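Enquirer: Hey, dropping start_39.cif in here, mmCIF, C-alpha atoms and all ligand atoms:
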data_target
loop_
_atom_site.label_atom_id
_atom_site.label_comp_id
_atom_site.auth_asym_id
_atom_site.auth_seq_id
_atom_site.Cartn_x
_atom_site.Cartn_y
_atom_site.Cartn_z
CA MET A 369 -4.84 -19.33 -42.67
CA ALA A 370 -6.95 -21.94 -40.86
CA VAL A 371 -5.62 -23.18 -37.52
CA ASN A 372 -6.60 -26.64 -36.32
CA PRO A 373 -6.92 -26.55 -32.56
CA PRO A 374 -4.82 -29.17 -30.76
CA ALA A 375 -6.25 -31.49 -28.08
CA ALA A 376 -4.33 -29.87 -25.21
CA MET A 377 -3.17 -26.36 -24.34
CA ARG A 378 -1.37 -24.37 -21.68
CA ALA A 379 -3.53 -22.47 -19.25
CA ILE A 380 -3.05 -20.70 -15.93
CA THR A 381 -4.73 -22.58 -13.10
CA PHE A 382 -4.64 -22.63 -9.31
CA ALA A 383 -5.44 -25.47 -6.94
CA GLU A 384 -6.18 -23.34 -3.87
CA PRO A 385 -6.93 -19.63 -3.48
CA GLY A 386 -4.04 -17.49 -2.29
CA GLY A 387 -1.36 -15.04 -3.36
CA PRO A 388 -0.05 -14.66 -6.92
CA GLU A 389 2.31 -17.61 -6.30
CA VAL A 390 -0.63 -20.08 -6.48
CA LEU A 391 -0.89 -19.44 -10.24
CA ARG A 392 0.60 -22.31 -12.26
CA VAL A 393 0.99 -23.19 -15.92
CA SER A 394 -0.97 -26.43 -16.52
CA GLU A 395 -1.80 -28.55 -19.48
CA VAL A 396 -5.57 -28.80 -19.94
CA ALA A 397 -7.91 -29.96 -22.71
CA VAL A 398 -8.79 -27.46 -25.41
CA PRO A 399 -12.53 -26.82 -25.00
CA ARG A 400 -14.91 -27.49 -27.88
CA PRO A 401 -17.56 -24.93 -28.82
CA ASP A 402 -21.17 -25.67 -27.88
CA PRO A 403 -24.00 -24.25 -29.98
CA GLY A 404 -23.68 -20.48 -30.18
CA GLN A 405 -20.03 -20.52 -29.14
CA LEU A 406 -16.76 -20.18 -30.98
CA LEU A 407 -13.17 -21.02 -30.10
CA VAL A 408 -10.57 -18.24 -30.09
CA LYS A 409 -6.84 -18.91 -30.44
CA VAL A 410 -5.89 -16.34 -27.84
CA ALA A 411 -3.49 -13.62 -28.99
CA PHE A 412 -3.79 -11.63 -25.75
CA ALA A 413 -5.87 -11.90 -22.59
CA GLY A 414 -6.78 -8.89 -20.46
CA VAL A 415 -6.02 -8.87 -16.73
CA ASN A 416 -8.69 -7.32 -14.53
CA ARG A 417 -9.02 -6.72 -10.81
CA PRO A 418 -11.85 -9.28 -10.59
CA ASP A 419 -9.26 -11.94 -11.66
CA VAL A 420 -7.16 -11.03 -8.62
CA ILE A 421 -10.21 -11.25 -6.36
CA GLN A 422 -11.13 -14.64 -7.89
CA ARG A 423 -7.58 -15.91 -7.30
CA GLN A 424 -7.89 -14.78 -3.66
CA GLY A 425 -11.02 -16.94 -3.38
CA ASN A 426 -13.46 -14.04 -3.03
CA TYR A 427 -15.12 -14.01 -6.47
CA PRO A 428 -16.12 -17.52 -7.54
CA PRO A 429 -16.98 -18.04 -11.21
CA PRO A 430 -20.72 -18.07 -11.90
CA PRO A 431 -22.33 -21.46 -12.66
CA GLY A 432 -21.25 -22.80 -16.03
CA ALA A 433 -18.24 -20.47 -16.37
CA SER A 434 -14.70 -21.79 -16.87
CA PRO A 435 -12.74 -21.97 -13.59
CA ILE A 436 -9.74 -20.58 -15.53
CA LEU A 437 -9.20 -16.86 -14.90
CA GLY A 438 -9.67 -14.25 -17.59
CA LEU A 439 -12.68 -12.17 -18.64
CA GLU A 440 -11.57 -10.87 -22.05
CA VAL A 441 -9.47 -12.05 -24.98
CA SER A 442 -8.49 -11.19 -28.51
CA GLY A 443 -7.43 -13.60 -31.24
CA GLN A 444 -8.39 -15.68 -34.24
CA VAL A 445 -11.57 -17.73 -34.47
CA VAL A 446 -10.45 -21.34 -35.09
CA ALA A 447 -13.68 -23.30 -34.60
CA VAL A 448 -17.38 -22.49 -34.47
CA GLY A 449 -20.23 -24.31 -32.80
CA GLU A 450 -23.62 -25.12 -34.20
CA GLY A 451 -25.62 -22.09 -35.25
CA VAL A 452 -22.60 -19.79 -35.55
CA GLU A 453 -21.93 -18.22 -38.94
CA PRO A 454 -19.06 -20.13 -40.58
CA GLU A 455 -17.85 -16.79 -42.03
CA LEU A 456 -16.53 -16.03 -38.54
CA LEU A 457 -13.84 -18.71 -38.95
CA ASN A 458 -10.35 -17.16 -39.18
CA GLN A 459 -11.68 -13.70 -38.24
CA GLN A 460 -9.87 -11.63 -35.62
CA VAL A 461 -12.22 -10.85 -32.75
CA CYS A 462 -12.20 -9.62 -29.21
CA ALA A 463 -14.59 -11.15 -26.74
CA LEU A 464 -16.13 -10.66 -23.35
CA VAL A 465 -15.96 -14.08 -21.64
CA SER A 466 -17.11 -15.26 -18.24
CA GLY A 467 -13.80 -17.07 -17.66
CA GLY A 468 -11.10 -19.01 -19.48
CA GLY A 469 -9.04 -16.13 -20.90
CA TYR A 470 -5.68 -17.06 -19.34
CA ALA A 471 -5.09 -19.85 -21.85
CA GLU A 472 -3.96 -20.56 -25.39
CA TYR A 473 -7.55 -21.18 -26.51
CA CYS A 474 -10.75 -19.76 -25.08
CA LEU A 475 -14.45 -20.28 -25.73
CA ALA A 476 -16.64 -17.26 -26.31
CA ARG A 477 -20.24 -16.79 -27.27
CA ALA A 478 -20.36 -15.52 -30.84
CA ASP A 479 -22.76 -12.77 -29.80
CA HIS A 480 -20.32 -11.54 -27.12
CA CYS A 481 -17.58 -10.89 -29.71
CA LEU A 482 -16.68 -7.74 -31.62
CA PRO A 483 -14.59 -7.65 -34.80
CA VAL A 484 -11.04 -6.30 -34.48
CA PRO A 485 -10.81 -3.43 -36.96
CA GLU A 486 -7.69 -2.55 -38.89
CA GLY A 487 -5.44 -0.34 -36.81
CA LEU A 488 -6.48 -1.85 -33.48
CA ALA A 489 -3.51 -3.89 -32.23
CA PRO A 490 -4.41 -7.32 -30.79
CA ASP A 491 -3.09 -6.42 -27.33
CA GLN A 492 -5.33 -3.33 -27.35
CA ALA A 493 -8.27 -5.40 -28.58
CA ALA A 494 -7.93 -7.77 -25.61
CA ALA A 495 -7.90 -4.80 -23.24
CA LEU A 496 -11.27 -3.39 -24.33
CA PRO A 497 -14.25 -5.68 -23.62
CA GLU A 498 -14.39 -5.91 -19.82
CA THR A 499 -13.95 -2.21 -19.13
CA LEU A 500 -15.97 -1.07 -22.14
CA PHE A 501 -18.99 -3.26 -21.34
CA THR A 502 -18.82 -2.35 -17.65
CA VAL A 503 -18.38 1.38 -18.11
CA TRP A 504 -20.92 1.69 -20.92
CA HIS A 505 -23.61 -0.07 -18.95
CA ASN A 506 -22.97 1.65 -15.65
CA LEU A 507 -22.42 5.19 -16.90
CA PHE A 508 -25.14 5.39 -19.51
CA GLU A 509 -27.71 2.70 -18.71
CA ARG A 510 -27.67 2.62 -14.92
CA GLY A 511 -26.31 6.13 -14.31
CA TRP A 512 -28.20 7.81 -17.20
CA ALA A 513 -25.19 10.02 -17.97
CA CYS A 514 -26.14 12.72 -20.48
CA GLU A 515 -24.08 14.96 -22.69
CA GLY A 516 -23.02 18.11 -20.87
CA GLU A 517 -23.01 16.56 -17.40
CA THR A 518 -20.08 16.45 -15.00
CA ILE A 519 -19.32 13.13 -13.31
CA LEU A 520 -16.93 11.83 -10.65
CA VAL A 521 -15.02 8.57 -11.18
CA HIS A 522 -12.74 7.02 -8.57
CA GLY A 523 -9.66 5.02 -9.63
CA GLY A 524 -8.80 7.45 -12.42
CA THR A 525 -5.86 5.41 -13.74
CA SER A 526 -7.45 1.97 -13.32
CA GLY A 527 -8.57 -0.02 -16.33
CA ILE A 528 -12.14 1.02 -15.54
CA GLY A 529 -11.27 4.63 -14.67
CA THR A 530 -9.24 5.25 -17.83
CA MET A 531 -12.08 3.85 -19.94
CA ALA A 532 -14.61 6.02 -18.09
CA ALA A 533 -12.50 9.15 -18.68
CA MET A 534 -12.05 8.43 -22.39
CA LEU A 535 -15.59 7.29 -23.06
CA GLY A 536 -17.00 10.14 -21.00
CA ARG A 537 -15.06 12.71 -22.96
CA LEU A 538 -16.09 11.18 -26.29
CA PHE A 539 -19.74 11.34 -25.22
CA GLY A 540 -19.65 14.94 -24.04
CA LEU A 541 -19.19 14.44 -20.28
CA THR A 542 -16.79 16.36 -18.06
CA VAL A 543 -15.02 13.70 -16.03
CA ILE A 544 -13.44 14.41 -12.64
CA VAL A 545 -11.33 11.52 -11.32
CA THR A 546 -9.55 10.71 -8.10
CA CYS A 547 -6.13 9.00 -7.98
CA GLY A 548 -3.66 8.02 -5.28
CA SER A 549 -0.66 10.08 -6.43
CA ASP A 550 0.24 13.27 -8.28
CA GLN A 551 1.88 11.18 -10.98
CA LYS A 552 -1.36 9.24 -11.52
CA CYS A 553 -3.34 12.51 -11.54
CA ALA A 554 -1.11 13.87 -14.30
CA ALA A 555 -1.54 10.66 -16.29
CA ALA A 556 -5.32 10.74 -15.82
CA VAL A 557 -5.57 14.26 -17.23
CA GLU A 558 -3.46 13.24 -20.21
CA ILE A 559 -5.78 10.27 -20.76
CA GLY A 560 -8.95 12.35 -20.84
CA ALA A 561 -10.06 13.42 -17.38
CA ALA A 562 -10.93 17.10 -17.14
CA HIS A 563 -9.74 17.24 -13.51
CA ALA A 564 -7.84 14.80 -11.32
CA ILE A 565 -7.82 14.96 -7.51
CA ASN A 566 -5.10 13.29 -5.44
CA TYR A 567 -7.30 11.70 -2.76
CA ARG A 568 -4.32 11.18 -0.46
CA SER A 569 -3.45 14.88 -0.23
CA THR A 570 -6.82 16.54 -0.92
CA ASP A 571 -10.36 16.07 0.39
CA PHE A 572 -12.13 15.02 -2.79
CA VAL A 573 -15.51 16.34 -1.54
CA GLU A 574 -14.12 19.85 -1.14
CA ALA A 575 -12.27 19.60 -4.44
CA VAL A 576 -15.40 18.50 -6.33
CA GLN A 577 -17.41 21.34 -4.80
CA ALA A 578 -14.68 23.81 -5.82
CA ILE A 579 -14.42 22.44 -9.38
CA THR A 580 -18.20 22.49 -9.87
CA GLU A 581 -18.59 25.85 -8.07
CA GLY A 582 -20.86 24.26 -5.51
CA ARG A 583 -23.19 22.57 -7.99
CA GLY A 584 -21.90 19.04 -7.47
CA VAL A 585 -21.70 16.25 -10.03
CA ALA A 586 -24.57 14.46 -11.76
CA LEU A 587 -23.14 10.98 -11.19
CA VAL A 588 -20.50 9.16 -9.16
CA LEU A 589 -19.04 5.93 -10.55
CA ASP A 590 -17.77 4.33 -7.37
CA MET A 591 -15.41 1.37 -6.96
CA VAL A 592 -14.58 2.02 -3.30
CA ALA A 593 -17.84 2.04 -1.25
CA GLY A 594 -17.36 1.88 2.56
CA ASP A 595 -16.94 5.37 3.97
CA TYR A 596 -16.66 6.79 0.45
CA VAL A 597 -20.40 6.46 -0.07
CA ALA A 598 -21.41 9.20 2.37
CA ARG A 599 -18.67 11.41 0.94
CA ASN A 600 -19.75 10.62 -2.63
CA LEU A 601 -23.31 11.68 -1.79
CA LYS A 602 -21.92 15.04 -0.62
CA CYS A 603 -20.45 15.44 -4.13
CA LEU A 604 -23.77 14.85 -5.89
CA ALA A 605 -25.98 17.56 -7.32
CA GLU A 606 -29.75 17.27 -6.82
CA ASP A 607 -31.16 14.30 -8.74
CA GLY A 608 -27.66 12.79 -8.68
CA ARG A 609 -26.99 9.13 -9.37
CA HIS A 610 -24.60 6.92 -7.38
CA VAL A 611 -23.40 3.81 -9.21
CA THR A 612 -21.45 1.16 -7.27
CA ILE A 613 -19.24 -1.22 -9.26
CA ALA A 614 -16.93 -2.48 -6.49
CA VAL A 615 -16.57 -2.37 -2.72
CA GLN A 616 -12.79 -2.19 -2.30
CA GLY A 617 -13.17 0.02 0.77
CA GLY A 618 -15.79 -2.19 2.46
CA ALA A 619 -19.28 -3.40 1.62
CA ARG A 620 -21.07 -1.49 4.39
CA ALA A 621 -21.85 2.20 4.32
CA GLU A 622 -23.72 4.51 6.65
CA ILE A 623 -25.61 7.17 4.74
CA ASN A 624 -28.17 9.84 5.46
CA MET A 625 -31.43 8.67 3.86
CA ALA A 626 -32.98 12.10 4.41
CA GLN A 627 -30.33 13.43 2.05
CA VAL A 628 -31.26 10.74 -0.52
CA MET A 629 -34.91 11.78 -0.19
CA THR A 630 -34.61 15.55 -0.18
CA ARG A 631 -31.99 15.72 -2.92
CA ARG A 632 -33.72 12.97 -4.96
CA TYR A 633 -30.67 10.75 -5.32
CA SER A 634 -30.71 7.36 -7.07
CA LEU A 635 -28.47 4.59 -5.75
CA THR A 636 -27.68 1.68 -8.03
CA GLY A 637 -24.88 -0.65 -9.06
CA SER A 638 -24.13 -3.85 -10.95
CA THR A 639 -21.70 -6.66 -11.62
CA LEU A 640 -21.22 -7.70 -15.22
CA ARG A 641 -19.99 -11.28 -14.99
CA PRO A 642 -23.09 -13.01 -13.59
CA ARG A 643 -25.46 -11.26 -16.01
CA SER A 644 -27.28 -13.49 -18.52
CA ASP A 645 -25.90 -14.35 -21.94
CA ASP A 646 -28.82 -12.49 -23.49
CA PHE A 647 -28.10 -9.34 -21.51
CA LYS A 648 -24.45 -9.38 -22.58
CA ALA A 649 -25.44 -10.01 -26.20
CA VAL A 650 -27.72 -6.94 -26.19
CA LEU A 651 -24.94 -4.92 -24.56
CA ALA A 652 -22.51 -6.11 -27.26
CA GLN A 653 -24.97 -4.99 -29.95
CA GLU A 654 -25.30 -1.57 -28.36
CA ILE A 655 -21.55 -1.20 -28.07
CA ALA A 656 -21.10 -2.34 -31.68
CA ARG A 657 -23.55 0.36 -32.74
CA GLU A 658 -22.66 3.23 -30.41
CA VAL A 659 -18.98 2.82 -29.55
CA TRP A 660 -17.33 0.54 -32.10
CA PRO A 661 -17.36 3.22 -34.84
CA LEU A 662 -15.11 5.27 -32.52
CA VAL A 663 -12.78 2.28 -32.17
CA GLN A 664 -12.80 1.78 -35.94
CA GLU A 665 -11.84 5.39 -36.61
CA GLY A 666 -9.11 5.30 -33.94
CA ALA A 667 -10.78 7.77 -31.57
CA LEU A 668 -10.96 5.20 -28.73
CA ARG A 669 -7.98 3.09 -27.69
CA PRO A 670 -7.38 1.48 -24.31
CA VAL A 671 -4.55 2.82 -22.18
CA MET A 672 -1.95 0.06 -22.16
CA ASP A 673 0.27 -0.55 -19.15
CA GLN A 674 2.30 -3.72 -19.70
CA VAL A 675 2.31 -7.06 -21.54
CA PHE A 676 3.39 -10.20 -19.65
CA PRO A 677 3.95 -13.67 -21.13
CA LEU A 678 1.11 -16.01 -20.09
CA GLU A 679 3.44 -18.02 -17.85
CA GLU A 680 4.20 -14.82 -15.89
CA ALA A 681 0.56 -14.31 -14.90
CA ALA A 682 1.70 -14.17 -11.27
CA SER A 683 3.93 -11.16 -12.05
CA ALA A 684 1.02 -9.49 -13.82
CA HIS A 685 -1.13 -9.98 -10.70
CA ARG A 686 1.67 -8.67 -8.46
CA ARG A 687 1.89 -5.54 -10.57
CA MET A 688 -1.86 -4.99 -10.36
CA GLU A 689 -1.95 -5.60 -6.61
CA ALA A 690 0.96 -3.20 -6.06
CA GLY A 691 -1.18 -0.55 -7.78
CA GLU A 692 1.77 0.46 -9.95
CA HIS A 693 -0.07 0.18 -13.23
CA ILE A 694 -1.74 2.88 -15.29
CA GLY A 695 -4.36 1.40 -17.61
CA LYS A 696 -4.46 -2.19 -18.76
CA ILE A 697 -2.20 -5.18 -18.17
CA VAL A 698 -2.47 -8.03 -20.70
CA LEU A 699 -1.04 -11.56 -21.03
CA ARG A 700 0.40 -13.05 -24.21
CA PRO A 701 0.12 -16.85 -24.50
N1 LIG A 801 -19.09 -4.30 -11.33
C1 LIG A 801 -18.50 -4.75 -12.41
O1 LIG A 801 -19.14 -5.25 -13.33
C2 LIG A 801 -17.00 -4.63 -12.52
C3 LIG A 801 -16.36 -5.05 -13.70
C4 LIG A 801 -14.97 -4.89 -13.78
C5 LIG A 801 -14.28 -4.34 -12.70
N2 LIG A 801 -14.95 -3.99 -11.58
C6 LIG A 801 -14.24 -3.41 -10.42
O2 LIG A 801 -13.78 -2.13 -10.78
C7 LIG A 801 -12.57 -1.85 -10.07
C8 LIG A 801 -11.51 -1.46 -11.08
O3 LIG A 801 -11.17 -2.59 -11.85
P1 LIG A 801 -9.84 -2.60 -12.70
O4 LIG A 801 -9.73 -3.92 -13.34
O5 LIG A 801 -9.82 -1.37 -13.52
O6 LIG A 801 -8.78 -2.53 -11.51
P2 LIG A 801 -7.45 -1.73 -11.23
O7 LIG A 801 -6.87 -1.24 -12.53
O8 LIG A 801 -6.61 -2.58 -10.38
O9 LIG A 801 -7.93 -0.47 -10.38
C9 LIG A 801 -8.24 -0.44 -9.03
C10 LIG A 801 -8.35 1.04 -8.67
O10 LIG A 801 -8.98 1.17 -7.41
C11 LIG A 801 -8.49 2.36 -6.82
N3 LIG A 801 -8.67 2.28 -5.38
C12 LIG A 801 -8.52 1.20 -4.60
N4 LIG A 801 -8.77 1.51 -3.31
C13 LIG A 801 -9.09 2.83 -3.30
C14 LIG A 801 -9.44 3.76 -2.27
N5 LIG A 801 -9.54 3.38 -1.00
N6 LIG A 801 -9.70 5.02 -2.64
C15 LIG A 801 -9.63 5.40 -3.93
N7 LIG A 801 -9.29 4.58 -4.94
C16 LIG A 801 -9.01 3.32 -4.62
C17 LIG A 801 -7.05 2.42 -7.21
O11 LIG A 801 -6.66 3.76 -7.25
P3 LIG A 801 -5.18 4.29 -6.87
O12 LIG A 801 -4.20 3.32 -7.50
O13 LIG A 801 -5.10 5.63 -7.47
O14 LIG A 801 -5.09 4.28 -5.39
C18 LIG A 801 -7.04 1.77 -8.60
O15 LIG A 801 -7.03 2.77 -9.61
C19 LIG A 801 -12.20 -3.11 -9.30
O16 LIG A 801 -12.59 -2.94 -7.96
C20 LIG A 801 -13.02 -4.20 -9.99
O17 LIG A 801 -13.32 -5.26 -9.13
C21 LIG A 801 -16.28 -4.12 -11.47
#
How does the structure come out when it is put into structure tokens?
Ligand SMILES: NC(=O)c1ccc[n+]([C@@H]2O[C@H](COP(=O)([O-])OP(=O)(O)OC[C@H]3O[C@@H](n4cnc5c(N)ncnc54)[C@H](OP(=O)(O)O)[C@@H]3O)[C@@H](O)[C@H]2O)c1
Expert:
Amino acid sequence: MAVNPPAAMRAITFAEPGGPEVLRVSEVAVPRPDPGQLLVKVAFAGVNRPDVIQRQGNYPPPPGASPILGLEVSGQVVAVGEGVEPELLNQQVCALVSGGGYAEYCLARADHCLPVPEGLAPDQAAALPETLFTVWHNLFERGWACEGETILVHGGTSGIGTMAAMLGRLFGLTVIVTCGSDQKCAAAVEIGAAHAINYRSTDFVEAVQAITEGRGVALVLDMVAGDYVARNLKCLAEDGRHVTIAVQGGARAEINMAQVMTRRYSLTGSTLRPRSDDFKAVLAQEIAREVWPLVQEGALRPVMDQVFPLEEAASAHRRMEAGEHIGKIVLRP
């Protein structure tokens, strides 16, 4: 059934950066799609760590992006801009967006959307794009992960880490993760990690060497940086790749460049949000081709933690910051 978008909607906004308490429900204008865009009546919006960092004032939206938080949504297409196939109207989609998700309506580029197949619940659909696009690009395109390789992923129960474990397993990788508790380690193994190391009670470098019988891993997907980098390099096999996707432990690292040279390491990293529309569209096409069949057949589902009503976005952020969650938190407008 067609939905006519109203003029105004509820959205989560904040006047000044700060703690979760700065998040407010506001009435704002419903945006209108520009050429190439469509308007989604949001069923669910994913919550990601970058939202928390943006709220704290440390991750400003890129030029042109909505100042409203939220990098992924699911829902019904209720309006299309010029150049967008009218057949998309009324379809259920999930979308990677560069902002605006924490709202009743959200603009997305049509070529950054994926169709929601039967059997994929709308809360699950909203929980896929940000982690799937990030993990796919960083594991396979930057990190050149290949079937049969063993990799190390920190944050094994995070949104990103759970996706890396599941995707890795589906694509023939052996995934070792680190987590901050035994309970999280057990959850990570259930989710798809081959091994989980409690980094608070065990030296992960020694554990990785033991698991790989001294060979080391082909790739480290790192969201910690700081003093982890030198330790990560000690986990790498020759020709290993180190992929940085966050610097939660500090942006500076001291590493031995002789080790990089003699063991032929590659150091790379990326952030998804500021990438060009064209880049994200190509990534969406690749994911539609390579991964979406697995979503369609039910082989890949996000790990869901908790659903919060949109107006309780602050509670959702508190839960994420407390590190209590396993998998994805989503908001329901
Ligand atoms: N580059 C990109 O394009 C991109 C895109 C999306 C997200 N990210 C980043 O990826 C990270 C995960 O995002 P998310 O949304 O999945 O967040 P999340 O669910 O909140 O996960 C954060 C994870 O970081 C781990 N962690 C934090 N400090 C750590 C430390 N010192 N040692 C080991 N682990 C530590 C936590 O592990 P424990 O709870 O087990 O301690 C937790 O699992 C965030 O830093 C986010 O900014 C990057």
Enquirer: Would you write out, as JSON lines, a table of all residues in stretch 518-546 of chain A that have an atom no more than 12 Å from an atom of stretch 407-424 of chain A, listing for each the closest atom pair and the distance in Å to one decimal, considering all atoms listed in the file and ordering rows by chain and rising residue number?
Expert:
{"residue": "A:Gly523", "atom": "CA", "partner": "A:Arg417", "partner_atom": "CA", "distance": 11.8}
{"residue": "A:Ser526", "atom": "CA", "partner": "A:Arg417", "partner_atom": "CA", "distance": 9.2}
{"residue": "A:Gly527", "atom": "CA", "partner": "A:Asn416", "partner_atom": "CA", "distance": 7.5}
{"residue": "A:Ile528", "atom": "CA", "partner": "A:Asn416", "partner_atom": "CA", "distance": 9.1}
Enquirer: The selected residues should be written to file as an mmCIF file, in the coordinates of the input (atoms: C-alpha atoms).
Expert:
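Contents of out_7.cif, freshly written:
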data_model
loop_
_atom_site.group_PDB
_atom_site.id
_atom_site.type_symbol
_atom_site.label_atom_id
_atom_site.label_comp_id
_atom_site.auth_asym_id
_atom_site.auth_seq_id
_atom_site.Cartn_x
_atom_site.Cartn_y
_atom_site.Cartn_z
ATOM 1 C CA GLY A 523 -9.660 5.020 -9.630
ATOM 2 C CA SER A 526 -7.450 1.970 -13.320
ATOM 3 C CA GLY A 527 -8.570 -0.020 -16.330
ATOM 4 C CA ILE A 528 -12.140 1.020 -15.540
#
Enquirer: Name all residues at most 8 Å from stretch 503-506 of chain A (count only C-alpha atoms; drop same-chain ones fewer than 2 positions away) and give them as a PDB file with C-alpha atoms, in the coordinates of the input.
Expert:
ATOM      1  CA  THR A 499     -13.950  -2.210 -19.130  1.00  0.00           C
ATOM      2  CA  LEU A 500     -15.970  -1.070 -22.140  1.00  0.00           C
ATOM      3  CA  PHE A 501     -18.990  -3.260 -21.340  1.00  0.00           C
ATOM      4  CA  PHE A 508     -25.140   5.390 -19.510  1.00  0.00           C
ATOM      5  CA  GLU A 509     -27.710   2.700 -18.710  1.00  0.00           C
ATOM      6  CA  ARG A 510     -27.670   2.620 -14.920  1.00  0.00           C
ATOM      7  CA  GLY A 511     -26.310   6.130 -14.310  1.00  0.00           C
ATOM      8  CA  ILE A 528     -12.140   1.020 -15.540  1.00  0.00           C
ATOM      9  CA  MET A 531     -12.080   3.850 -19.940  1.00  0.00           C
ATOM     10  CA  ALA A 532     -14.610   6.020 -18.090  1.00  0.00           C
ATOM     11  CA  LEU A 589     -19.040   5.930 -10.550  1.00  0.00           C
ATOM     12  CA  VAL A 611     -23.400   3.810  -9.210  1.00  0.00           C
ATOM     13  CA  ILE A 613     -19.240  -1.220  -9.260  1.00  0.00           C
ATOM     14  CA  GLY A 637     -24.880  -0.650  -9.060  1.00  0.00           C
ATOM     15  CA  SER A 638     -24.130  -3.850 -10.950  1.00  0.00           C
ATOM     16  CA  LEU A 651     -24.940  -4.920 -24.560  1.00  0.00           C
ATOM     17  CA  ILE A 655     -21.550  -1.200 -28.070  1.00  0.00           C
TER      18      ILE A 655
END
Enquirer: My list of candidates is A:Asp607, A:Asp645, A:Glu689, A:Glu517. Which is closest to ligand LIG 801 (chain A) when distances are computed with all atoms listed in the file?
Expert: A:Glu689
Enquirer: Please list as a VMD selection string every residue within 10 Å of A:Gly666, counting all atoms listed in the file and excluding residues in the same chain fewer than 5 positions away.
Expert: chain A and resid 485 to 488 660 to 661
Enquirer: Okay, now the selection with C-alpha atoms, as a tab-separated table (two decimals), in the coordinates of the input?
Expert:
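Saved result, part09.tsv, follows:
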chain	number	residue	atom	x	y	z
A	485	PRO	CA	-10.81	-3.43	-36.96
A	486	GLU	CA	-7.69	-2.55	-38.89
A	487	GLY	CA	-5.44	-0.34	-36.81
A	488	LEU	CA	-6.48	-1.85	-33.48
A	660	TRP	CA	-17.33	0.54	-32.10
A	661	PRO	CA	-17.36	3.22	-34.84
Enquirer: Which one is closest to ligand LIG 801 (chain A): A:Met629, A:Leu535, A:Ala495, A:Leu587? Count only C-alpha atoms and all ligand atoms.
Expert: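 Checking each of A:Met629, A:Leu535, A:Ala495, A:Leu587 against ligand LIG 801 (chain A), counting only C-alpha atoms and all ligand atoms, the winner is A:Ala495.
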Enquirer: Which is closer to ligand LIG 801 (chain A) than all the others in A:Gly516, A:Pro373, A:Gly695, A:Gly608, using all atoms listed in the file?
Expert: A:Gly695
Enquirer: A:Met591, A:Leu635, A:Ala555, A:Ala578: which is nearest ligand LIG 801 (chain A), counting all atoms listed in the file?
Expert: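 Closest residue, counting all atoms listed in the file: A:Met591.
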Enquirer: Provide the atom CA of A:Ile694 to atom CA of A:Asp479 distance in Å, to one decimal place.
Expert: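 Computing it gives 30.0 Å between the two atoms.
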Enquirer: Please give the centre and size of the box around stretch 604-612 of chain A (axis-aligned, containing every atom listed in the file, 8 Å added per side), with values in Å to one decimal and written as lines of an AutoDock Vina configuration file.
Expert:
center_x = -26.3
center_y = 9.4
center_z = -7.6
size_x = 25.7
size_y = 32.4
size_z = 19.5
Enquirer: Between A:Gly438, A:Pro454, A:Gly582, A:Gly449, which residue has the minimum interatomic distance to ligand LIG 801 (chain A), considering only C-alpha atoms and all ligand atoms?
Expert: A:Gly438
Enquirer: Tell me which protein, DNA and RNA residues are within 9 Å of stretch 389-403 of chain A, counting all atoms listed in the file, leaving out same-chain ones fewer than 2 positions away, and put them as an MDAnalysis selection string.
Expert: chainID A and resid 373:387 405:407 423 447:452 472:477 678:683
Enquirer: Which value, in Å to one decimal, gives the distance between atom CA of A:Gln460 and atom CA of A:Glu658?
Expert: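 About the pair atom CA of A:Gln460 and atom CA of A:Glu658: they are 20.3 Å apart.
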Enquirer: Nearest to ligand LIG 801 (chain A) among A:Pro429, A:Pro642, A:Gly691, A:Gly467, with distances taken over all atoms listed in the file: which residue is it?
Expert: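 Closest to ligand LIG 801 (chain A) of all the choices is A:Gly691.
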Enquirer: Measure the distance from atom CA of A:Pro431 to atom O10 of ligand LIG 801 (chain A) in Å and round it to one decimal.
Expert: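 Taking atom CA of A:Pro431 and atom O10 of ligand LIG 801 (chain A), their separation equals 26.8 Å.
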Enquirer: For A:Asp491, find every residue with an atom within 12 Å (counting only C-alpha atoms), except residues of its own chain fewer than 3 positions away, and show them as a PyMOL selection string.
Expert: chain A and resi 410-415+440-443+460-462+484+487-488+494-497+669-677+696-701
Enquirer: Would you mind listing what lies within 10 Å of A:Ala586 as a list in words, with only C-alpha atoms counted and same-chain residues fewer than 3 positions away left out?
Expert: Gly511, Trp512, Ala513, Cys514, Gly516, Glu517, Thr518, Ile519, Leu520, Arg583, Cys603, Leu604, Ala605, Glu606, Asp607, Gly608, Arg609, His610 and Tyr633 of chain A
Enquirer: Would you export the selected residues with C-alpha atoms as an mmCIF file, in the coordinates of the input, please?
Expert:
data_model
loop_
_atom_site.group_PDB
_atom_site.id
_atom_site.type_symbol
_atom_site.label_atom_id
_atom_site.label_comp_id
_atom_site.auth_asym_id
_atom_site.auth_seq_id
_atom_site.Cartn_x
_atom_site.Cartn_y
_atom_site.Cartn_z
ATOM 1 C CA GLY A 511 -26.310 6.130 -14.310
ATOM 2 C CA TRP A 512 -28.200 7.810 -17.200
ATOM 3 C CA ALA A 513 -25.190 10.020 -17.970
ATOM 4 C CA CYS A 514 -26.140 12.720 -20.480
ATOM 5 C CA GLY A 516 -23.020 18.110 -20.870
ATOM 6 C CA GLU A 517 -23.010 16.560 -17.400
ATOM 7 C CA THR A 518 -20.080 16.450 -15.000
ATOM 8 C CA ILE A 519 -19.320 13.130 -13.310
ATOM 9 C CA LEU A 520 -16.930 11.830 -10.650
ATOM 10 C CA ARG A 583 -23.190 22.570 -7.990
ATOM 11 C CA CYS A 603 -20.450 15.440 -4.130
ATOM 12 C CA LEU A 604 -23.770 14.850 -5.890
ATOM 13 C CA ALA A 605 -25.980 17.560 -7.320
ATOM 14 C CA GLU A 606 -29.750 17.270 -6.820
ATOM 15 C CA ASP A 607 -31.160 14.300 -8.740
ATOM 16 C CA GLY A 608 -27.660 12.790 -8.680
ATOM 17 C CA ARG A 609 -26.990 9.130 -9.370
ATOM 18 C CA HIS A 610 -24.600 6.920 -7.380
ATOM 19 C CA TYR A 633 -30.670 10.750 -5.320
#
